[in-house]
Each structure stands twice: as C-alpha cells, then as structure tokens.
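final_20.tsv (TSV, C-alpha atoms and all ligand atoms) appears below.
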chain	number	residue	atom	x	y	z
A	1	MET	CA	75.42	191.17	164.91
A	2	ILE	CA	78.56	189.63	163.49
A	3	TRP	CA	79.98	193.02	162.54
A	4	ARG	CA	79.10	194.47	165.90
A	5	THR	CA	80.90	191.57	167.61
A	6	TRP	CA	83.91	192.09	165.38
A	7	GLY	CA	83.96	195.80	166.11
A	8	LEU	CA	83.80	195.10	169.82
A	9	CYS	CA	86.49	192.50	169.41
A	10	LEU	CA	88.83	194.89	167.62
A	11	LEU	CA	88.19	197.48	170.28
A	12	MET	CA	88.95	194.98	173.04
A	13	ALA	CA	92.04	193.77	171.22
A	14	GLY	CA	93.25	197.35	170.88
A	15	LEU	CA	92.68	198.02	174.57
A	16	ALA	CA	94.14	194.82	175.91
A	17	GLY	CA	96.76	194.16	173.23
A	18	LEU	CA	95.37	190.65	172.79
A	19	GLY	CA	94.48	188.65	169.68
A	20	CYS	CA	90.85	188.06	168.93
A	21	SER	CA	89.54	184.60	168.19
A	22	PRO	CA	87.03	184.93	165.27
A	23	GLY	CA	89.74	185.26	162.59
A	24	ASN	CA	91.36	182.07	163.84
A	25	ASP	CA	88.26	179.98	163.39
A	26	ALA	CA	86.80	180.33	159.89
A	27	ALA	CA	84.65	177.21	160.34
A	28	GLY	CA	83.21	178.67	163.54
A	29	ASP	CA	82.45	181.93	161.73
A	30	ALA	CA	80.63	180.10	158.94
A	31	GLU	CA	78.64	178.17	161.53
A	32	THR	CA	77.70	181.38	163.35
A	33	ALA	CA	76.63	183.02	160.08
A	34	ALA	CA	74.56	179.96	159.11
A	35	SER	CA	72.80	179.87	162.46
A	36	ALA	CA	72.12	183.62	162.21
A	37	ALA	CA	70.58	182.97	158.77
A	38	VAL	CA	68.37	180.22	160.23
A	39	GLU	CA	67.19	182.57	163.00
A	40	ALA	CA	66.41	185.22	160.36
A	41	LEU	CA	64.41	182.65	158.33
A	42	LYS	CA	62.45	181.74	161.45
A	43	ALA	CA	61.54	185.36	162.10
A	44	SER	CA	60.33	185.87	158.50
A	45	LEU	CA	58.32	182.71	157.78
A	46	THR	CA	54.62	183.42	157.14
A	47	PHE	CA	53.47	180.10	155.65
A	48	HIS	CA	54.61	176.50	155.33
A	49	ALA	CA	52.83	173.52	153.78
A	50	SER	CA	54.85	170.32	154.23
A	51	PHE	CA	52.15	167.85	153.05
A	52	ASP	CA	53.54	165.51	155.72
A	53	ASP	CA	50.30	165.36	157.73
A	54	GLY	CA	47.80	166.29	155.01
A	55	PRO	CA	47.24	169.13	152.58
A	56	ASP	CA	46.60	171.98	155.03
A	57	ALA	CA	49.51	174.21	155.97
A	58	ALA	CA	51.55	173.23	159.02
A	59	PHE	CA	52.13	176.92	159.79
A	60	ALA	CA	50.35	180.00	158.44
A	61	LYS	CA	49.78	183.64	159.37
A	62	GLY	CA	46.41	183.37	157.63
A	63	ASP	CA	44.03	180.52	156.74
A	64	ARG	CA	45.85	177.17	156.82
A	65	ARG	CA	43.35	175.28	154.70
A	66	ILE	CA	43.87	174.23	151.11
A	67	TYR	CA	40.95	174.89	148.74
A	68	THR	CA	39.84	173.47	145.42
A	69	ALA	CA	37.49	174.78	142.72
A	70	PRO	CA	36.90	173.32	139.24
A	71	SER	CA	38.84	176.28	137.75
A	72	TYR	CA	40.04	179.77	138.68
A	73	GLU	CA	37.00	181.21	136.88
A	74	GLU	CA	34.98	179.38	139.53
A	75	GLN	CA	37.29	180.21	142.45
A	76	ALA	CA	34.42	181.75	144.44
A	77	SER	CA	32.86	178.28	144.72
A	78	ALA	CA	36.02	176.68	146.16
A	79	LEU	CA	35.69	174.21	149.03
A	80	PRO	CA	38.32	173.19	151.61
A	81	GLY	CA	40.37	170.10	150.72
A	82	ILE	CA	41.90	168.64	147.58
A	83	GLY	CA	38.96	168.19	145.24
A	84	ASN	CA	40.90	166.83	142.28
A	85	PRO	CA	41.11	162.99	142.28
A	86	ASP	CA	44.31	163.19	140.22
A	87	VAL	CA	46.17	164.97	143.04
A	88	GLU	CA	47.29	162.94	146.07
A	89	ILE	CA	49.74	162.94	148.94
A	90	VAL	CA	52.49	160.32	148.64
A	91	ASP	CA	55.66	159.17	150.41
A	92	GLY	CA	59.02	160.17	149.00
A	93	GLY	CA	58.98	163.93	149.43
A	94	VAL	CA	62.15	165.97	149.71
A	95	VAL	CA	61.13	165.88	153.39
A	96	GLY	CA	58.41	163.49	154.57
A	97	ARG	CA	55.47	163.28	152.17
A	98	ALA	CA	54.74	165.36	149.08
A	99	LEU	CA	51.94	166.42	146.77
A	100	LYS	CA	51.71	164.41	143.55
A	101	PHE	CA	49.92	165.65	140.43
A	102	ASN	CA	49.21	162.55	138.36
A	103	LYS	CA	47.62	164.35	135.40
A	104	LYS	CA	47.65	167.92	134.07
A	105	ASN	CA	45.90	169.86	136.82
A	106	VAL	CA	43.32	172.31	135.52
A	107	HIS	CA	41.53	172.67	138.87
A	108	ALA	CA	42.12	175.68	141.09
A	109	ILE	CA	44.10	174.27	144.05
A	110	PHE	CA	45.23	177.04	146.36
A	111	TYR	CA	45.72	178.61	149.77
A	112	ARG	CA	44.37	182.04	150.67
A	113	GLY	CA	47.02	184.56	149.65
A	114	ALA	CA	46.81	187.95	151.25
A	115	LYS	CA	47.88	187.24	154.85
A	116	ASN	CA	49.90	184.15	154.07
A	117	ALA	CA	51.97	186.08	151.53
A	118	ALA	CA	52.09	189.21	153.73
A	119	PHE	CA	50.74	191.26	150.83
A	120	GLN	CA	50.80	195.06	150.89
A	121	GLU	CA	50.19	197.50	148.06
A	122	SER	CA	53.19	199.64	148.86
A	123	ASN	CA	56.56	197.92	149.15
A	124	TRP	CA	55.37	194.33	149.00
A	125	THR	CA	58.44	192.26	149.80
A	126	GLY	CA	58.71	188.52	150.24
A	127	SER	CA	59.96	185.15	149.09
A	128	VAL	CA	58.46	181.87	147.95
A	129	SER	CA	60.27	178.54	148.28
A	130	PHE	CA	59.30	175.03	147.12
A	131	TRP	CA	60.74	171.84	145.61
A	132	LEU	CA	59.85	170.08	142.33
A	133	ASN	CA	60.57	166.59	141.08
A	134	LEU	CA	59.73	165.96	137.42
A	135	ASN	CA	61.13	165.70	133.94
A	136	PRO	CA	59.49	168.77	132.36
A	137	ASP	CA	59.98	167.56	128.79
A	138	GLU	CA	58.52	164.11	129.36
A	139	ASP	CA	56.03	164.60	132.19
A	140	LEU	CA	54.23	167.85	131.37
A	141	GLU	CA	51.40	167.94	128.90
A	142	PRO	CA	51.34	170.52	126.07
A	143	GLY	CA	50.95	174.16	127.07
A	144	TYR	CA	52.42	176.44	129.71
A	145	CYS	CA	52.71	175.09	133.25
A	146	ASP	CA	53.01	177.27	136.36
A	147	PRO	CA	54.08	175.25	139.43
A	148	ILE	CA	53.09	178.25	141.56
A	149	GLN	CA	51.35	181.58	141.09
A	150	ILE	CA	50.64	184.19	143.77
A	151	THR	CA	47.93	186.49	142.46
A	152	ASP	CA	44.33	187.66	142.80
A	153	SER	CA	43.61	187.43	139.08
A	154	ALA	CA	46.12	186.26	136.46
A	155	TYR	CA	49.79	185.85	135.57
A	156	ASN	CA	49.88	189.29	133.94
A	157	ASP	CA	47.98	191.27	136.58
A	158	GLY	CA	49.45	191.59	140.06
A	159	ALA	CA	51.32	188.32	140.16
A	160	VAL	CA	54.44	186.42	141.14
A	161	TRP	CA	54.89	183.11	139.29
A	162	VAL	CA	57.28	180.63	137.78
A	163	ASP	CA	56.51	178.64	134.66
A	164	PHE	CA	57.75	176.07	132.20
A	165	THR	CA	57.43	177.32	128.63
A	166	LYS	CA	55.51	175.29	126.06
A	167	ASP	CA	57.49	175.44	122.81
A	168	ASP	CA	61.14	175.20	123.84
A	169	THR	CA	63.32	172.07	123.97
A	170	PRO	CA	64.22	171.75	126.72
A	171	ARG	CA	61.36	173.73	128.19
A	172	HIS	CA	62.62	176.98	129.71
A	173	PHE	CA	61.92	177.85	133.34
A	174	ARG	CA	60.96	181.47	133.98
A	175	LEU	CA	60.17	183.86	136.83
A	176	GLY	CA	57.62	186.59	136.23
A	177	VAL	CA	56.68	189.41	138.62
A	178	PHE	CA	54.09	191.88	137.37
A	179	GLY	CA	52.02	194.64	138.91
A	180	ASP	CA	48.63	195.73	137.63
A	181	LEU	CA	48.04	194.92	133.96
A	182	ASP	CA	46.61	198.34	133.05
A	183	SER	CA	49.73	199.93	134.52
A	184	TRP	CA	52.49	197.95	132.75
A	185	ASN	CA	50.46	197.27	129.58
A	186	PRO	CA	48.10	200.26	129.22
A	187	ASP	CA	47.44	199.57	125.52
A	188	GLY	CA	46.06	196.13	126.30
A	189	ALA	CA	48.42	194.46	123.81
A	190	PRO	CA	48.77	190.66	124.05
A	191	SER	CA	50.76	190.15	127.25
A	192	GLY	CA	52.79	187.04	126.43
A	193	GLU	CA	54.59	188.64	123.46
A	194	HIS	CA	54.81	192.18	124.85
A	195	PRO	CA	58.42	193.49	125.05
A	196	ALA	CA	57.68	194.87	128.54
A	197	PHE	CA	56.69	191.33	129.51
A	198	LEU	CA	59.52	189.40	127.85
A	199	ASN	CA	62.23	191.85	128.97
A	200	ARG	CA	61.08	191.51	132.57
A	201	LEU	CA	61.33	187.74	132.87
A	202	VAL	CA	64.19	185.81	134.42
A	203	VAL	CA	64.70	182.89	132.00
A	204	VAL	CA	66.65	179.68	132.61
A	205	THR	CA	67.15	178.01	129.25
A	206	GLN	CA	68.77	174.77	130.56
A	207	PRO	CA	67.01	174.15	133.89
A	208	PRO	CA	68.28	171.26	136.03
A	209	PHE	CA	64.95	169.51	136.72
A	210	ALA	CA	64.94	165.72	136.48
A	211	ARG	CA	62.57	162.92	137.47
A	212	GLY	CA	63.70	161.20	140.66
A	213	GLN	CA	65.61	164.28	141.78
A	214	TRP	CA	64.38	167.19	143.90
A	215	THR	CA	65.17	170.71	142.67
A	216	HIS	CA	64.77	173.67	145.02
A	217	VAL	CA	63.13	176.83	143.66
A	218	VAL	CA	63.22	180.19	145.47
A	219	ALA	CA	61.89	183.48	144.13
A	220	THR	CA	62.40	186.72	146.06
A	221	TYR	CA	60.71	190.05	145.40
A	222	SER	CA	61.12	193.44	147.03
A	223	GLY	CA	59.91	197.00	146.67
A	224	LEU	CA	56.84	196.07	144.63
A	225	GLY	CA	54.52	199.04	144.39
A	226	THR	CA	57.29	201.54	145.17
A	227	GLY	CA	58.35	202.20	141.56
A	228	ALA	CA	61.60	200.28	142.05
A	229	GLY	CA	60.73	196.62	142.45
A	230	VAL	CA	63.31	193.85	142.11
A	231	ALA	CA	62.86	190.07	141.82
A	232	LYS	CA	65.36	187.20	141.83
A	233	LEU	CA	65.24	183.52	140.97
A	234	TYR	CA	67.37	180.84	142.65
A	235	LEU	CA	67.62	177.14	141.73
A	236	ASP	CA	69.25	174.79	144.24
A	237	GLY	CA	70.52	177.83	146.12
A	238	LYS	CA	72.19	179.46	143.11
A	239	LEU	CA	71.10	182.82	141.73
A	240	GLN	CA	69.82	182.44	138.14
A	241	GLY	CA	68.98	186.05	137.37
A	242	THR	CA	67.44	189.33	138.52
A	243	ALA	CA	64.48	191.33	137.19
A	244	GLU	CA	64.82	195.04	137.90
A	245	ASP	CA	62.77	198.17	137.31
A	246	ILE	CA	59.45	196.65	138.29
A	247	ASN	CA	57.91	200.08	138.27
A	248	GLU	CA	54.16	199.62	138.14
A	249	GLY	CA	51.78	199.61	141.08
A	250	ILE	CA	50.19	196.45	142.43
A	251	THR	CA	46.69	196.19	143.86
A	252	TRP	CA	44.84	193.07	144.96
A	253	ASP	CA	41.30	192.07	145.72
A	254	THR	CA	42.39	190.37	148.94
A	255	GLU	CA	39.33	188.08	148.94
A	256	LYS	CA	40.52	186.55	145.68
A	257	ALA	CA	44.26	186.58	146.40
A	258	ALA	CA	45.63	183.06	146.30
A	259	PHE	CA	48.82	181.04	146.52
A	260	ARG	CA	48.07	178.76	143.57
A	261	LEU	CA	49.71	175.36	143.31
A	262	GLY	CA	50.33	173.20	140.28
A	263	VAL	CA	48.68	175.15	137.46
A	264	ASN	CA	48.72	172.62	134.58
A	265	TYR	CA	51.40	170.77	136.56
A	266	VAL	CA	52.30	167.05	136.44
A	267	GLY	CA	54.87	165.75	138.92
A	268	LEU	CA	55.85	165.95	142.57
A	269	PHE	CA	55.70	169.15	144.63
A	270	ASP	CA	56.85	169.64	148.24
A	271	GLU	CA	57.65	172.03	151.09
A	272	ALA	CA	55.94	175.25	150.01
A	273	ALA	CA	57.00	178.22	152.14
A	274	LEU	CA	56.40	181.97	152.08
A	275	PHE	CA	58.40	184.69	153.82
A	276	ASN	CA	57.68	188.36	154.47
A	277	ARG	CA	61.10	189.48	153.20
A	278	ALA	CA	63.31	189.03	150.18
A	279	LEU	CA	65.78	186.46	151.47
A	280	SER	CA	69.49	187.14	150.99
A	281	GLN	CA	71.82	184.72	149.20
A	282	GLU	CA	73.02	183.50	152.61
A	283	GLU	CA	69.44	182.86	153.71
A	284	VAL	CA	68.54	181.06	150.47
A	285	THR	CA	71.60	178.85	151.01
A	286	ALA	CA	70.58	178.18	154.62
A	287	LEU	CA	67.03	177.32	153.50
A	288	HIS	CA	68.40	175.00	150.81
A	289	GLU	CA	70.51	173.16	153.36
A	290	LEU	CA	67.97	172.94	156.20
A	291	GLU	CA	67.80	169.46	157.67
A	292	GLY	CA	64.15	168.55	158.05
A	293	GLY	CA	62.93	171.33	155.77
A	294	ALA	CA	60.96	174.38	156.79
A	295	ALA	CA	59.40	172.56	159.79
A	296	SER	CA	62.62	173.41	161.58
A	297	ILE	CA	62.05	177.16	161.13
A	298	HIS	CA	58.51	177.44	162.46
A	299	PRO	CA	58.59	180.42	164.85
B	301	CA	CA	56.99	167.19	152.78
B	302	CA	CA	45.09	194.51	140.63

Taking this structure as input, can you express it in the form of structure tokens?
Amino acid sequence: MIWRTWGLCLLMAGLAGLGCSPGNDAAGDAETAASAAVEALKASLTFHASFDDGPDAAFAKGDRRIYTAPSYEEQASALPGIGNPDVEIVDGGVVGRALKFNKKNVHAIFYRGAKNAAFQESNWTGSVSFWLNLNPDEDLEPGYCDPIQITDSAYNDGAVWVDFTKDDTPRHFRLGVFGDLDSWNPDGAPSGEHPAFLNRLVVVTQPPFARGQWTHVVATYSGLGTGAGVAKLYLDGKLQGTAEDINEGITWDTEKAAFRLGVNYVGLFDEAALFNRALSQEEVTALHELEGGAASIHP
C-alpha cells in the first residue's frame, strides 16, 4: 500500500509539478508503516492465550481450552484445565497475568494444535510468539527444557520448538523445525547428535534471559512441506538466525497435534500467540512493541 501511494504521489507530483509530502515526514512514514504492520498482525492471528482471565485462550481459530495429561504418552487421556498443581496463574505478567511453572513440569499441558496453528501438509507457514521470565542456569532443573513445542508426536518428528540445552554454561537457546523423522533421518540414527539435526538448528549461545525480566521469543516458519522450508528465530525483536533447506515433508495426526507449553520448564510464561504466516521483521518489531500485548490485535 505504501509503495502504491508513493507511486501515485510521484505521478501526481509529475502532473501537477508539486512536491509530495511523505518524504518530508519520516516520523509519519514510520507511524504509517507500524500501523500497517499492526493491521497485518491482526489479519494473521490464529490463537492467543493471555492467561489474564484464566488458562483458556482469549482468541482461537480452533479449541480454546487448555488440556492436561500426566505425560505426552498419556495425551489421549487429557482433560480440560491445568491439572498440574505446580502450575498456576499469577500477577506480574508481561501484560496482565502470566502462567507460572513452580517446578519442572513433566505433565502434558497443551492446546489443540491443528486449527490453532493453521497446519497444512503442503506449505505450512506460520509464527509463534511468547514471553519468558527466568534465569535458565539457576531456575531450570537438569535436562533439556522446551518452553514450547508444536507437534503431533515429538521434537524430531513434525515439530517446531525452542529449547534450552542441558550441558552448556550458559545454557544455549535453540530453534528446531523438523518434518517427518523417517524423511530427514531415514537410517533411524540418534536424532540429537545427527549432523542433519545439529546443522539445522538456530543456536543462541549467550541468550539474554534473566529472572525479573521479560524476554520476547518469536519463531517464524514458511514453506514447510514444499522442499524449501525456512525458519527464523527472533529474541526481543532481533533476528538471531535462519534455518534453511528444510526439505523433508511434514505430516500430522491432527487429533494428536498440540501446542505444548512448558515442557520441563520452570519460570514465568506469558502471551502465547500463533499466526498463519511467517511474520516479517517489521511485523515482529510491531508485535514486540504492542501496548497491551496481543489482545490489541484480536481480529
Ligand atoms: Ca498475560
Ligand atoms: Ca508425521
């Protein structure tokens, strides 16, 4: 729209021999671009859990309810609600209230994934956004921790996730996006050490997380299932790295597909949002700066 307006402007200027205002008002241009980005976010939002009025999503294209099962092996027995006494909703979120994991969470706590994440087997494209508040090195218990996973099965089989590593000091923060396991790892070699796994990850070796401070995480993914998938990780609005050549196919059992929260996590978690597009840098910036969080971009 901006370029079209400019083009029209130049045309008008040429015809009338008059100056055109946009170039004289850089602040106005930035404001227009930011409000265009907010409108684009609004049109692409598919899910938002604020935790301000309880654990169910405030906006969702699919099922709004949160579910809990004792573990992901027992996901089929999940019931609505937060069924882990060590997870509660507290004041002091990045906006309003937030989810607090008091102890390492080994329960399955999740939202239904397929519609909320706008999944499709060919050209799945989207973004996930959320905020964390923890000191990873002091607060997490031993082992890997995945603040979010979007998958029907596991981290290595049709999944988008971020994790904190277990053996690094400080713990590294990583983005992983993988299609079907038998496609990217046909030999069935151990996934976590596989070169095709490690070379794919976006790794932040000195992540900025701190207790008492909210850090914004956005992961975008596009073209999954087309043979040319791409994924990007942003922290506090800044691009950290890009994973390219995500070539394998991705299939889901949509009944099992879930937006998993707080896998082995300890700390605060807030403002989980999903979009049906890979957000641009401008849109990630606009999302990062939204007053009032994603409630202000409900369609
Ligand atoms: Ca909140
Ligand atoms: Ca699959």

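Residue nearest Val218 of chain A, chosen from A:Glu271, A:Glu39, A:Asp168, A:Glu291 and counting only C-alpha atoms: A:Glu271.
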
*For ligand CA 301 (chain B), collect every residue having any atom at a distance of at most 8 Å from a ligand atom (counting all atoms listed in the file); output as a list of chain:residue names.*
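The distance check yields A:Ala49, A:Ser50, A:Phe51, A:Asp52, A:Gly93, A:Val94, A:Val95, A:Gly96, A:Arg97, A:Ala98, A:Leu99, A:Asp270, A:Glu271, A:Gly293.
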
*Out of A:Pro85, A:Gly292, A:Gly158, A:Pro70, which residue has the shortest atom-to-atom distance to ligand CA 302 (chain B) when counting only C-alpha atoms and all ligand atoms?*
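Between A:Pro85, A:Gly292, A:Gly158, A:Pro70, the residue approaching ligand CA 302 (chain B) most closely is A:Gly158.
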
*Spatial neighbours of Thr46 of chain A, 6 Å, all atoms listed in the file, chain gap at least 5 places, as an MDAnalysis selection string*: chainID A and resid 60:61 116 274:275

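Proximity to ligand CA 302 (chain B) was assessed for A:Tyr155, A:Phe197, A:Trp124, A:Trp252 counting all atoms listed in the file; the smallest distance is recorded for A:Trp252.
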
_Residue neighbourhood Val177 of chain A, 12 Å, all atoms listed in the file, exclusion window fewer than 5 positions, as number ranges by chain_ = A: 124-127, 149-151, 154-163, 184, 196-202, 219-225, 229-233, 242-250

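Across the model, the gap from atom CA of Ser153 of chain A to atom CA of Gly267 of chain A is 24.4 Å.
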
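One distance worth recording is that between atom CA of Leu287 of chain A and atom CA of Trp131 of chain A, which is 11.5 Å.
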
*At what distance in Å, to one decimal, does atom CA of Phe269 of chain A lie from atom CA of Phe101 of chain A?*
8.0 Å

*Which is closest to ligand CA 302 (chain B) among A:Pro170, A:Asn264, A:Glu121, A:Asn276, if we use all atoms listed in the file?*
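Using all atoms listed in the file, ligand CA 302 (chain B) sits closest to A:Glu121.
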
Export N, CA and C atoms of segment 77-94 of chain A from the structure just given, as a short mmCIF file (atom, residue, chain, number, x, y, z; two decimals), in the first residue's frame?
data_model
loop_
_atom_site.label_atom_id
_atom_site.label_comp_id
_atom_site.auth_asym_id
_atom_site.auth_seq_id
_atom_site.Cartn_x
_atom_site.Cartn_y
_atom_site.Cartn_z
N SER A 77 -5.62 -39.24 27.26
CA SER A 77 -6.47 -39.16 28.46
C SER A 77 -6.57 -37.74 29.00
N ALA A 78 -6.10 -36.75 28.25
CA ALA A 78 -6.06 -35.37 28.74
C ALA A 78 -7.46 -34.84 29.06
N LEU A 79 -7.52 -33.99 30.09
CA LEU A 79 -8.77 -33.34 30.48
C LEU A 79 -8.59 -31.83 30.40
N PRO A 80 -9.69 -31.09 30.14
CA PRO A 80 -9.58 -29.63 30.12
C PRO A 80 -9.12 -29.08 31.46
N GLY A 81 -8.36 -28.00 31.41
CA GLY A 81 -7.88 -27.33 32.63
C GLY A 81 -6.41 -27.59 32.88
N ILE A 82 -5.87 -26.89 33.88
CA ILE A 82 -4.48 -27.12 34.28
C ILE A 82 -4.50 -28.16 35.40
N GLY A 83 -4.05 -29.36 35.10
CA GLY A 83 -4.11 -30.45 36.06
C GLY A 83 -2.78 -30.72 36.74
N ASN A 84 -1.91 -29.73 36.76
CA ASN A 84 -0.64 -29.86 37.47
C ASN A 84 -0.62 -28.83 38.60
N PRO A 85 -0.63 -29.28 39.87
CA PRO A 85 -0.70 -28.33 40.99
C PRO A 85 0.50 -27.40 41.07
N ASP A 86 1.57 -27.70 40.36
CA ASP A 86 2.76 -26.85 40.39
C ASP A 86 2.75 -25.79 39.29
N VAL A 87 1.61 -25.68 38.59
CA VAL A 87 1.47 -24.63 37.56
C VAL A 87 0.28 -23.76 37.96
N GLU A 88 0.48 -22.44 38.03
CA GLU A 88 -0.58 -21.54 38.46
C GLU A 88 -0.54 -20.26 37.64
N ILE A 89 -1.62 -19.48 37.78
CA ILE A 89 -1.68 -18.18 37.12
C ILE A 89 -1.44 -17.11 38.17
N VAL A 90 -0.50 -16.20 37.87
CA VAL A 90 -0.07 -15.21 38.87
C VAL A 90 -0.08 -13.80 38.25
N ASP A 91 -0.08 -12.79 39.11
CA ASP A 91 0.09 -11.41 38.66
C ASP A 91 1.53 -11.21 38.21
N GLY A 92 1.76 -10.11 37.50
CA GLY A 92 3.13 -9.77 37.12
C GLY A 92 3.56 -10.32 35.78
N GLY A 93 2.58 -10.52 34.88
CA GLY A 93 2.92 -10.93 33.52
C GLY A 93 3.53 -9.79 32.73
N VAL A 94 3.99 -10.10 31.54
CA VAL A 94 4.48 -9.01 30.68
C VAL A 94 3.30 -8.09 30.35
#
